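K.L.:
Here you go, model.txt (compact mmCIF, C-alpha atoms):
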# COMPACT_ATOMS: atom_id res chain seq x y z
CA MET U 1 -8.33 -0.64 23.38
CA GLY U 2 -4.77 0.57 23.83
CA SER U 3 -2.46 1.00 20.90
CA ALA U 4 -0.41 -2.00 19.83
CA TYR U 5 3.36 -2.02 19.79
CA ILE U 6 4.69 -1.48 16.29
CA SER U 7 8.33 -2.48 15.95
CA PRO U 8 10.84 -0.07 14.41
CA GLY U 9 11.27 -2.41 11.43
CA LEU U 10 7.53 -2.53 10.77
CA ARG U 11 7.28 1.27 11.12
CA ARG U 12 10.10 1.68 8.60
CA LEU U 13 8.41 -0.72 6.16
CA VAL U 14 5.07 1.13 6.39
CA TYR U 15 6.76 4.54 6.07
CA GLU U 16 8.84 3.54 3.04
CA ARG U 17 5.95 1.74 1.33
CA ALA U 18 3.89 4.96 1.65
CA GLY U 19 6.71 7.07 0.25
CA GLY U 20 6.68 9.16 3.44
CA ARG U 21 3.20 10.58 2.82
CA CYS U 22 -0.27 10.08 4.27
CA GLU U 23 -1.89 7.25 2.37
CA TYR U 24 -5.27 9.03 2.49
CA CYS U 25 -4.65 12.75 1.78
CA LEU U 26 -1.10 12.32 0.34
CA ILE U 27 0.48 15.11 2.38
CA PRO U 28 4.22 14.46 2.87
CA ALA U 29 5.41 13.80 6.42
CA SER U 30 8.33 16.14 5.78
CA VAL U 31 6.09 19.24 5.74
CA VAL U 32 3.92 18.77 8.83
CA PHE U 33 4.65 19.55 12.46
CA ALA U 34 2.84 16.60 14.05
CA ASN U 35 4.39 13.16 13.72
CA PHE U 36 2.62 10.80 11.37
CA GLU U 37 0.73 7.88 12.87
CA TYR U 38 0.39 4.24 11.94
CA ASP U 39 -3.28 3.60 11.23
CA HIS U 40 -4.79 0.19 11.79
CA ILE U 41 -6.98 0.12 8.67
CA PHE U 42 -9.19 -2.40 10.44
CA SER U 43 -8.92 -1.13 14.00
CA GLN U 44 -7.99 -3.34 16.90
CA LYS U 45 -11.49 -2.66 18.21
CA HIS U 46 -12.83 -4.53 15.17
CA GLY U 47 -10.30 -7.36 15.44
CA GLY U 48 -7.62 -5.79 13.24
CA LYS U 49 -4.11 -7.05 13.82
CA THR U 50 -0.81 -5.23 13.91
CA HIS U 51 0.89 -6.38 10.71
CA ALA U 52 2.07 -4.74 7.49
CA GLY U 53 -1.10 -5.64 5.60
CA ASN U 54 -3.30 -3.79 8.09
CA LEU U 55 -1.22 -0.66 8.63
CA ALA U 56 -1.20 2.61 6.72
CA LEU U 57 0.92 5.70 7.19
CA CYS U 58 -1.45 8.46 8.18
CA CYS U 59 -1.30 12.14 9.04
CA THR U 60 -2.75 13.07 12.41
CA LEU U 61 -5.80 14.78 10.92
CA CYS U 62 -6.82 11.87 8.68
CA ASN U 63 -6.23 9.37 11.49
CA LYS U 64 -8.30 11.39 13.96
CA LEU U 65 -11.19 11.78 11.53
CA LYS U 66 -11.14 8.13 10.42
CA GLY U 67 -10.87 6.78 13.94
CA SER U 68 -11.95 3.15 14.14
CA ASP U 69 -14.56 3.57 11.39
CA LEU U 70 -14.54 1.15 8.47
CA SER U 71 -17.26 2.72 6.34
CA SER U 72 -19.68 5.59 5.94
CA PHE U 73 -22.56 6.75 3.78
CA ASP U 74 -22.01 7.67 0.15
CA PRO U 75 -23.31 11.26 0.08
CA ILE U 76 -24.94 10.66 -3.33
CA THR U 77 -26.61 7.25 -2.95
CA ASN U 78 -26.92 7.27 0.85
CA GLU U 79 -25.72 3.65 0.84
CA VAL U 80 -23.11 2.39 3.28
CA VAL U 81 -19.75 1.89 1.56
CA PRO U 82 -16.28 1.06 2.89
CA PHE U 83 -13.62 3.71 3.17
CA TYR U 84 -10.68 3.76 0.82
CA ARG U 85 -8.31 1.01 1.98
CA PRO U 86 -4.68 1.65 1.07
CA ARG U 87 -3.72 -2.04 1.09
CA ARG U 88 -6.63 -3.08 -1.13
CA HIS U 89 -7.40 -0.08 -3.35
CA ARG U 90 -5.38 2.06 -5.74
CA TRP U 91 -5.66 5.80 -4.95
CA LEU U 92 -6.18 6.81 -8.58
CA ASP U 93 -9.10 4.39 -8.95
CA HIS U 94 -11.08 6.36 -6.34
CA PHE U 95 -9.75 9.93 -6.51
CA GLU U 96 -8.48 12.49 -8.99
CA LEU U 97 -6.60 15.68 -8.28
CA HIS U 98 -8.17 18.74 -9.95
CA GLY U 99 -5.99 21.69 -9.14
CA ALA U 100 -5.54 21.21 -5.41
CA GLN U 101 -8.92 19.59 -4.82
CA ILE U 102 -9.21 15.84 -4.32
CA THR U 103 -12.19 14.80 -6.42
CA PRO U 104 -13.80 11.45 -5.61
CA VAL U 105 -14.71 9.29 -8.62
CA THR U 106 -16.38 6.37 -6.79
CA ALA U 107 -18.72 5.85 -3.86
CA ILE U 108 -15.70 4.75 -1.80
CA GLY U 109 -13.94 7.98 -2.75
CA ARG U 110 -16.96 10.12 -1.92
CA ALA U 111 -17.40 8.59 1.54
CA THR U 112 -13.69 8.92 2.26
CA VAL U 113 -13.45 12.55 1.08
CA GLN U 114 -16.49 13.47 3.15
CA VAL U 115 -15.47 11.83 6.43
CA LEU U 116 -11.77 12.74 6.24
CA LYS U 117 -12.68 16.29 5.19
CA LEU U 118 -10.08 16.16 2.43
CA ASN U 119 -11.35 19.33 0.77
CA LEU U 120 -11.61 21.75 3.67
CA ALA U 121 -10.50 25.17 2.49
CA ALA U 122 -7.34 25.05 4.63
CA ARG U 123 -6.38 21.63 3.28
CA ILE U 124 -6.89 22.76 -0.32
CA GLN U 125 -4.80 25.88 0.32
CA GLU U 126 -2.06 23.75 1.87
CA ARG U 127 -2.06 21.44 -1.18
CA GLU U 128 -1.92 24.47 -3.52
CA HIS U 129 1.29 25.65 -1.83
CA LEU U 130 2.79 22.15 -1.91
CA ILE U 131 1.89 21.70 -5.58
CA LEU U 132 3.50 25.05 -6.46
CA ALA U 133 6.61 24.01 -4.53
CA GLY U 134 6.71 20.70 -6.42
CA ILE U 135 6.31 18.74 -3.17
CA PHE U 136 2.79 17.28 -3.52
CA LYS U 137 2.67 14.16 -5.68
CA VAL U 138 -0.12 11.79 -6.69
CA PRO U 139 0.85 8.10 -6.68
CA ALA U 140 1.16 6.34 -10.02
Write the structure described by the file as structure tokens, please.
P.N.:
Amino acid sequence: MGSAYISPGLRRLVYERAGGRCEYCLIPASVVFANFEYDHIFSQKHGGKTHAGNLALCCTLCNKLKGSDLSSFDPITNEVVPFYRPRRHRWLDHFELHGAQITPVTAIGRATVQVLKLNLAARIQEREHLILAGIFKVPA
């Protein structure tokens, strides 16, 4: 299904609500070359609508890896669990930052870290540089 029109006002609301960073990996939009995208948390393919409650600010890599998926397997229990949902879940309830590594603390966190490849070596190295520069922040 083609992408839905997202008005400038709705884009601004989503961007500001996210603090200008990817709502999954937390990388700031100000430090990447590719424009951030507006992720339909529940994709249009699955009946998701284009409104503030179903949109998340997302870096290109996280959006590409998430795609239209809603869930995956917890790598520990092998049970199907939903992905982290920025409008429903609090980041710190599912993830912790240890050094520059995003450590999942729940099944939702584990599935999300695995599918979005949040701890690839290059992503950890990027976070290390951003942390040292004082640019990478974890939401409260």
K.L.:
Would you compute the distance between CA of Glu16 (chain U) and CA of His46 (chain U)? Give it in Å to one decimal.
P.N.:
26.1 Å
K.L.:
May I ask for the distance between CA of Glu126 (chain U) and CA of Pro75 (chain U), given in Å to one decimal place?
P.N.:
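Value for the CA of Glu126 (chain U)-CA of Pro75 (chain U) distance: 24.7 Å.
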K.L.:
Choose the residue, out of U:Arg85, U:Arg90, U:His51, U:Arg110, that has the smallest atom-to-atom separation from Arg11 (chain U); count all atoms listed in the file.
P.N.:
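Going through U:Arg85, U:Arg90, U:His51, U:Arg110 one by one, the smallest distance to Arg11 (chain U) is for U:His51.
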K.L.:
Need the axis-aligned box for region 64-77 of chain U with 5 Å each side, so what are the centre and edges in Å to one decimal, as AutoDock Vina command-line options?
P.N.:
--center_x -17.5 --center_y 6.5 --center_z 5.4 --size_x 28.3 --size_y 20.6 --size_z 27.5
K.L.:
Do you know which residues are at most 6 Å from Glu23 (chain U) counting all atoms listed in the file, after dropping those on the same chain fewer than 3 positions away, and could you put them as a list of chain:residue names?
P.N.:
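Neighbouring residues, sequence-local ones excluded: U:Leu26, U:Leu57, U:Cys58.
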